[in-house]
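Structure data (mmCIF, C-alpha atoms) from query-v6.cif:
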data_model
loop_
_atom_site.group_PDB
_atom_site.id
_atom_site.type_symbol
_atom_site.label_atom_id
_atom_site.label_comp_id
_atom_site.auth_asym_id
_atom_site.auth_seq_id
_atom_site.Cartn_x
_atom_site.Cartn_y
_atom_site.Cartn_z
ATOM 1 C CA MET Z 1 -28.163 12.535 -39.118
ATOM 2 C CA ASN Z 2 -30.403 12.901 -36.146
ATOM 3 C CA HIS Z 3 -29.776 9.289 -35.360
ATOM 4 C CA PHE Z 4 -26.030 9.857 -35.254
ATOM 5 C CA ALA Z 5 -26.401 12.873 -33.030
ATOM 6 C CA LYS Z 6 -28.516 10.856 -30.635
ATOM 7 C CA SER Z 7 -26.141 7.935 -30.452
ATOM 8 C CA TYR Z 8 -23.256 10.335 -30.030
ATOM 9 C CA ALA Z 9 -24.958 11.919 -27.039
ATOM 10 C CA VAL Z 10 -25.677 8.528 -25.505
ATOM 11 C CA PHE Z 11 -22.075 7.424 -25.884
ATOM 12 C CA LEU Z 12 -20.818 10.721 -24.563
ATOM 13 C CA ILE Z 13 -22.895 10.440 -21.414
ATOM 14 C CA ALA Z 14 -21.985 6.788 -20.942
ATOM 15 C CA GLY Z 15 -18.320 7.620 -21.437
ATOM 16 C CA CYS Z 16 -18.394 10.455 -18.938
ATOM 17 C CA LEU Z 17 -20.169 8.335 -16.379
ATOM 18 C CA SER Z 18 -17.759 5.450 -16.733
ATOM 19 C CA ALA Z 19 -14.831 7.863 -16.457
ATOM 20 C CA CYS Z 20 -16.253 9.391 -13.294
ATOM 21 C CA VAL Z 21 -16.906 6.013 -11.740
ATOM 22 C CA THR Z 22 -13.411 4.882 -12.668
ATOM 23 C CA ILE Z 23 -11.801 7.849 -10.989
ATOM 24 C CA ASN Z 24 -13.958 7.671 -7.893
ATOM 25 C CA ILE Z 25 -13.952 4.005 -7.002
ATOM 26 C CA TYR Z 26 -10.761 2.722 -8.563
ATOM 27 C CA PHE Z 27 -8.157 1.861 -5.947
ATOM 28 C CA PRO Z 28 -4.689 2.477 -7.412
ATOM 29 C CA ALA Z 29 -3.175 -0.818 -6.299
ATOM 30 C CA ALA Z 30 0.177 -0.294 -8.017
ATOM 31 C CA ALA Z 31 0.586 3.193 -6.592
ATOM 32 C CA ALA Z 32 -0.413 1.919 -3.156
ATOM 33 C CA GLU Z 33 2.211 -0.793 -3.356
ATOM 34 C CA LYS Z 34 4.825 1.739 -4.325
ATOM 35 C CA ALA Z 35 3.793 4.021 -1.482
ATOM 36 C CA ALA Z 36 3.830 1.130 0.991
ATOM 37 C CA ASP Z 37 7.311 0.075 -0.128
ATOM 38 C CA LYS Z 38 8.601 3.596 0.289
ATOM 39 C CA ILE Z 39 7.212 3.903 3.801
ATOM 40 C CA ILE Z 40 8.366 0.426 4.850
ATOM 41 C CA ASP Z 41 11.880 1.140 3.573
ATOM 42 C CA GLU Z 42 11.965 4.228 5.736
ATOM 43 C CA VAL Z 43 10.410 2.677 8.834
ATOM 44 C CA TRP Z 44 12.639 -0.399 8.723
ATOM 45 C CA GLN Z 45 15.542 1.604 7.342
ATOM 46 C CA LEU Z 46 16.091 -0.771 4.471
ATOM 47 C CA LYS Z 47 18.634 0.285 1.920
ATOM 48 C CA GLN Z 48 18.484 -0.145 -1.836
ATOM 49 C CA GLY Z 49 20.235 -3.522 -1.538
ATOM 50 C CA GLU Z 50 17.072 -5.635 -1.581
ATOM 51 C CA LYS Z 51 15.463 -3.949 -4.524
ATOM 52 C CA PRO Z 52 16.645 -4.631 -8.033
ATOM 53 C CA ALA Z 53 17.931 -1.147 -8.668
ATOM 54 C CA ASN Z 54 18.949 0.142 -12.073
ATOM 55 C CA PRO Z 55 21.018 -2.470 -13.803
ATOM 56 C CA ALA Z 56 24.669 -1.791 -13.218
ATOM 57 C CA PRO Z 57 26.423 -0.551 -16.340
ATOM 58 C CA THR Z 58 28.344 -3.436 -17.813
ATOM 59 C CA PRO Z 59 32.001 -2.578 -18.114
ATOM 60 C CA GLN Z 60 33.152 -2.424 -21.690
ATOM 61 C CA GLN Z 61 36.086 -4.627 -22.462
ATOM 62 C CA MET E 1 -19.562 3.902 -41.269
ATOM 63 C CA MET E 2 -16.894 6.282 -40.024
ATOM 64 C CA LYS E 3 -19.442 8.448 -38.309
ATOM 65 C CA SER E 4 -20.773 5.661 -36.120
ATOM 66 C CA PHE E 5 -17.261 4.731 -35.064
ATOM 67 C CA LYS E 6 -16.310 8.184 -33.918
ATOM 68 C CA PRO E 7 -18.348 8.327 -30.714
ATOM 69 C CA MET E 8 -17.264 4.852 -29.716
ATOM 70 C CA LEU E 9 -13.661 5.739 -30.317
ATOM 71 C CA PHE E 10 -14.099 8.862 -28.269
ATOM 72 C CA CYS E 11 -15.642 6.971 -25.372
ATOM 73 C CA ALA E 12 -12.940 4.334 -25.468
ATOM 74 C CA CYS E 13 -10.262 7.005 -25.374
ATOM 75 C CA LEU E 14 -11.979 8.755 -22.488
ATOM 76 C CA ALA E 15 -12.252 5.577 -20.463
ATOM 77 C CA MET E 16 -8.664 4.565 -21.165
ATOM 78 C CA THR E 17 -7.376 7.999 -20.270
ATOM 79 C CA SER E 18 -9.159 7.895 -16.953
ATOM 80 C CA ILE E 19 -7.841 4.421 -16.196
ATOM 81 C CA ALA E 20 -4.328 5.414 -17.159
ATOM 82 C CA TRP E 21 -4.590 8.533 -15.058
ATOM 83 C CA ALA E 22 -5.751 6.563 -12.045
ATOM 84 C CA GLN E 23 -2.934 4.033 -12.427
ATOM 85 C CA GLN E 24 -0.142 6.495 -12.895
ATOM 86 C CA ALA E 25 -1.024 8.900 -10.120
ATOM 87 C CA ASP E 26 1.111 8.433 -7.038
ATOM 88 C CA LEU E 27 -0.515 8.187 -3.668
ATOM 89 C CA GLU E 28 -0.015 11.158 -1.420
ATOM 90 C CA ILE E 29 2.090 9.994 1.525
ATOM 91 C CA ASN E 30 3.670 13.236 2.641
ATOM 92 C CA SER E 31 0.904 14.706 4.738
ATOM 93 C CA PRO E 32 2.073 15.913 8.172
ATOM 94 C CA ALA E 33 0.092 13.140 9.892
ATOM 95 C CA VAL E 34 1.646 10.422 7.735
ATOM 96 C CA SER E 35 5.166 11.800 8.232
ATOM 97 C CA ALA E 36 4.708 11.971 11.999
ATOM 98 C CA LEU E 37 3.470 8.373 12.179
ATOM 99 C CA LYS E 38 6.299 7.230 9.953
ATOM 100 C CA SER E 39 9.018 8.729 12.130
ATOM 101 C CA SER E 40 7.360 7.439 15.278
ATOM 102 C CA MET E 41 7.369 3.925 13.838
ATOM 103 C CA GLN E 42 10.918 4.327 12.609
ATOM 104 C CA SER E 43 12.231 5.119 16.070
ATOM 105 C CA ARG E 44 10.230 2.238 17.565
ATOM 106 C CA HIS E 45 11.816 -0.234 15.180
ATOM 107 C CA GLY E 46 14.928 -0.165 17.343
ATOM 108 C CA VAL E 47 12.894 -1.815 20.111
ATOM 109 C CA LEU E 48 10.851 -4.198 17.964
ATOM 110 C CA GLY E 49 13.476 -5.243 15.413
ATOM 111 C CA PRO E 50 15.326 -7.771 17.599
ATOM 112 C CA HIS E 51 12.039 -9.364 18.628
ATOM 113 C CA PHE E 52 10.960 -9.882 15.036
ATOM 114 C CA ALA E 53 14.241 -11.692 14.554
ATOM 115 C CA SER E 54 13.768 -13.888 17.645
ATOM 116 C CA GLY E 55 10.242 -14.799 16.615
ATOM 117 C CA ALA E 56 8.731 -13.250 19.734
ATOM 118 C CA VAL E 57 6.858 -10.718 17.629
ATOM 119 C CA GLY E 58 5.218 -11.476 14.291
ATOM 120 C CA LEU E 59 3.462 -9.715 11.452
ATOM 121 C CA THR E 60 -0.275 -10.338 11.332
ATOM 122 C CA LYS E 61 -2.294 -10.835 8.173
ATOM 123 C CA ASP E 62 -4.152 -7.600 8.809
ATOM 124 C CA GLY E 63 -1.062 -5.417 8.653
ATOM 125 C CA LEU E 64 -0.385 -5.215 12.385
ATOM 126 C CA VAL E 65 2.100 -6.827 14.777
ATOM 127 C CA THR E 66 1.546 -9.077 17.761
ATOM 128 C CA VAL E 67 3.469 -10.880 20.482
ATOM 129 C CA ARG E 68 3.303 -14.488 19.359
ATOM 130 C CA ASP E 69 5.812 -16.000 21.806
ATOM 131 C CA ALA E 70 6.153 -14.064 25.036
ATOM 132 C CA ASN E 71 8.597 -16.657 26.389
ATOM 133 C CA ALA E 72 11.133 -15.575 23.802
ATOM 134 C CA ILE E 73 11.288 -12.155 25.451
ATOM 135 C CA PRO E 74 13.400 -11.746 28.591
ATOM 136 C CA LEU E 75 11.078 -11.096 31.525
ATOM 137 C CA SER E 76 12.578 -7.688 32.176
ATOM 138 C CA GLN E 77 11.704 -6.535 28.637
ATOM 139 C CA ARG E 78 8.261 -8.053 28.344
ATOM 140 C CA GLN E 79 6.395 -5.015 29.558
ATOM 141 C CA ALA E 80 8.327 -2.694 27.247
ATOM 142 C CA VAL E 81 7.784 -4.950 24.229
ATOM 143 C CA ASN E 82 4.076 -5.266 24.972
ATOM 144 C CA SER E 83 3.615 -1.543 25.061
ATOM 145 C CA ALA E 84 5.794 -1.087 21.965
ATOM 146 C CA VAL E 85 3.524 -3.560 20.143
ATOM 147 C CA ASN E 86 0.421 -1.685 21.260
ATOM 148 C CA ASP E 87 1.916 1.649 20.232
ATOM 149 C CA GLU E 88 3.018 0.199 16.917
ATOM 150 C CA ASN E 89 -0.477 -1.061 16.160
ATOM 151 C CA ARG E 90 -2.010 2.258 17.041
ATOM 152 C CA ASP E 91 0.444 3.972 14.684
ATOM 153 C CA ARG E 92 -0.121 1.450 11.904
ATOM 154 C CA GLN E 93 -3.868 1.826 12.055
ATOM 155 C CA GLY E 94 -3.411 5.568 12.074
ATOM 156 C CA LEU E 95 -1.039 5.313 9.115
ATOM 157 C CA TYR E 96 -3.517 3.364 6.976
ATOM 158 C CA ARG E 97 -6.305 5.752 7.872
ATOM 159 C CA GLU E 98 -4.208 8.856 7.261
ATOM 160 C CA ILE E 99 -2.938 7.658 3.877
ATOM 161 C CA ALA E 100 -6.516 7.026 2.760
ATOM 162 C CA ARG E 101 -7.550 10.396 4.102
ATOM 163 C CA ALA E 102 -4.604 12.254 2.567
ATOM 164 C CA ASN E 103 -5.801 10.958 -0.804
ATOM 165 C CA ASN E 104 -9.359 12.084 -0.190
ATOM 166 C CA HIS E 105 -10.606 8.493 -0.098
ATOM 167 C CA PRO E 106 -11.173 7.501 3.530
ATOM 168 C CA GLU E 107 -12.927 4.384 2.222
ATOM 169 C CA TRP E 108 -9.588 3.118 0.871
ATOM 170 C CA GLU E 109 -8.343 2.469 4.415
ATOM 171 C CA GLY E 110 -9.033 -1.271 4.217
ATOM 172 C CA GLN E 111 -7.309 -1.636 0.862
ATOM 173 C CA VAL E 112 -4.339 0.398 2.049
ATOM 174 C CA ARG E 113 -4.097 -1.907 5.068
ATOM 175 C CA ASP E 114 -4.266 -5.016 2.865
ATOM 176 C CA THR E 115 -1.551 -3.631 0.605
ATOM 177 C CA PHE E 116 0.670 -2.909 3.586
ATOM 178 C CA ALA E 117 -0.018 -6.330 5.103
ATOM 179 C CA GLN E 118 1.421 -7.929 1.970
ATOM 180 C CA ARG E 119 4.353 -5.553 1.648
ATOM 181 C CA TRP E 120 5.440 -5.818 5.299
ATOM 182 C CA VAL E 121 5.723 -9.583 4.800
ATOM 183 C CA GLN E 122 7.416 -9.171 1.432
ATOM 184 C CA LYS E 123 10.055 -6.906 2.929
ATOM 185 C CA ALA E 124 10.489 -8.819 6.178
ATOM 186 C CA GLN E 125 13.894 -10.361 6.755
ATOM 187 C CA SER E 126 14.218 -14.118 6.568
ATOM 188 C CA GLY E 127 13.618 -15.716 9.934
ATOM 189 C CA TRP E 128 10.798 -13.326 10.801
ATOM 190 C CA TRP E 129 7.348 -14.734 11.473
ATOM 191 C CA TYR E 130 4.166 -13.744 9.676
ATOM 192 C CA GLN E 131 0.594 -14.920 9.339
ATOM 193 C CA ASP E 132 -0.515 -16.290 5.994
ATOM 194 C CA ALA E 133 -3.947 -15.563 4.564
ATOM 195 C CA SER E 134 -5.533 -18.274 6.736
ATOM 196 C CA GLY E 135 -3.944 -16.866 9.892
ATOM 197 C CA ALA E 136 -1.378 -19.648 10.309
ATOM 198 C CA TRP E 137 2.094 -18.585 11.467
ATOM 199 C CA LYS E 138 4.922 -19.076 9.038
ATOM 200 C CA LYS E 139 8.610 -18.377 9.218
ATOM 201 C CA LYS E 140 10.001 -16.432 6.336
#

What do you get writing this file as structure tokens?
Amino acid sequence: MNHFAKSYAVFLIAGCLSACVTINIYFPAAAAEKAADKIIDEVWQLKQGEKPANPAPTPQQ
Amino acid sequence: MMKSFKPMLFCACLAMTSIAWAQQADLEINSPAVSALKSSMQSRHGVLGPHFASGAVGLTKDGLVTVRDANAIPLSQRQAVNSAVNDENRDRQGLYREIARANNHPEWEGQVRDTFAQRWVQKAQSGWWYQDASGAWKKK
């Protein structure tokens, strides 16, 4: 039982540390790309045309 | 058996949650400094836009702009374009720094710049010039 408690504590600490490191040093590349696109669209005044927007609803026949 | 799995499962969940959180969070780009730089650059695009198209001005691999063919600019405009390029670069550097700072990670400045460098090129119109990773000029 004591053994389990010990290993639990070790994993808990390791988990917390890895979580902290992840949050602190991880650069959110996807979010940065999204942010860059948004700013570039505004600065260059690009309209939605270039981006694949929501697929147009296909007309029902 | 189950007992020894529990802590591992817990740790895995914790790590995944933190990764997911980091990936989903949007970057803060609405700070007053970022907005001011953005609108300054937007109004300058009226001056620079035609010169991107003529090839006189190009996008550098480090997320800035430069005059790459001064002869393509009419003499009377050269001075104005040069100072627009300098102003643009000052704003761009400020933009990358301010985005990193607005997200409480000033050390991200370089990565923000690299991201922008790629996206400027990606969103450039065809016919515009840009530097590839080795610094060679290419026409989009």

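Counting only C-alpha atoms and comparing E:Gln125, E:Asn89, E:Ser83, E:Asn71, the residue that lies closest to chain Z is E:Gln125.
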
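Shortest atom-to-atom contact with Gln42 in chain E among E:Leu59, E:Val67, E:Ile99, E:Ala84: E:Ala84, counting only C-alpha atoms.
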
Residues proximal to (0.7, -6.2, 12.4) were defined as those with any atom within 10 Å of that point in the file's coordinates, counting all atoms listed in the file. Which are they, as a ChimeraX atom specification?
/E:57-67,85-86,88-89,92-93,113,116-117,120-121,130-131

Let me see the file: selected residues, C-alpha atoms, as a tab-separated table (two decimals), in the coordinates of the input.
chain	number	residue	atom	x	y	z
E	57	VAL	CA	6.86	-10.72	17.63
E	58	GLY	CA	5.22	-11.48	14.29
E	59	LEU	CA	3.46	-9.72	11.45
E	60	THR	CA	-0.28	-10.34	11.33
E	61	LYS	CA	-2.29	-10.84	8.17
E	62	ASP	CA	-4.15	-7.60	8.81
E	63	GLY	CA	-1.06	-5.42	8.65
E	64	LEU	CA	-0.38	-5.22	12.38
E	65	VAL	CA	2.10	-6.83	14.78
E	66	THR	CA	1.55	-9.08	17.76
E	67	VAL	CA	3.47	-10.88	20.48
E	85	VAL	CA	3.52	-3.56	20.14
E	86	ASN	CA	0.42	-1.68	21.26
E	88	GLU	CA	3.02	0.20	16.92
E	89	ASN	CA	-0.48	-1.06	16.16
E	92	ARG	CA	-0.12	1.45	11.90
E	93	GLN	CA	-3.87	1.83	12.06
E	113	ARG	CA	-4.10	-1.91	5.07
E	116	PHE	CA	0.67	-2.91	3.59
E	117	ALA	CA	-0.02	-6.33	5.10
E	120	TRP	CA	5.44	-5.82	5.30
E	121	VAL	CA	5.72	-9.58	4.80
E	130	TYR	CA	4.17	-13.74	9.68
E	131	GLN	CA	0.59	-14.92	9.34

What residues come out when you apply the PyMOL selection byres ((chain E and resi 38) around 9) to this file, written as a VMD selection string?
(chain Z and resid 39 to 40 42 to 43) or (chain E and resid 33 to 37 39 to 43 91 to 92 95)

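Taking CA of Tyr96 in chain E as the reference point, CA of Leu46 in chain Z is found at 20.2 Å.
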
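Between CA of Leu75 in chain E and CA of Gly127 in chain E the interatomic distance comes to 22.2 Å.
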
Matched chain/residue IDs from the PyMOL selection byres ((chain Z and resi 37) around 12), as a PyMOL selection string
(chain Z and resi 30-36+38-48+50-51) or (chain E and resi 27+29+112+115-124)

Can you work out the spacing between CA of Gly135 in chain E and CA of Ser76 in chain E in Å, to one decimal?
29.2 Å

Which of these, E:Ala70, E:Ala80, E:Arg90, E:His105, has the shortest distance to chain Z once you count all atoms listed in the file?
E:His105

Quick one: residues within 9 Å of His51 in chain E, all atoms listed in the file counted, chain neighbours fewer than 4 positions away excluded, as a VMD selection string?
chain E and resid 47 55 to 58 67 72 to 73 81 128

When you count only C-alpha atoms, which of these residues is closest to chain Z: E:Asn30, E:Asp114, E:Ala25, E:Ser126?
E:Ala25

Around range 119-130 of chain E, fit a box with edges along x, y and z, padding it by 4 Å on each side, then list its centre and edge lengths in Å to one decimal as AutoDock Vina command-line options.
--center_x 9.2 --center_y -10.6 --center_z 6.5 --size_x 18.1 --size_y 18.2 --size_z 18.0

Between E:Asp87, E:Glu98, E:Glu107, E:Asp132, which residue has the minimum interatomic distance to chain Z, considering all atoms listed in the file?
E:Glu107
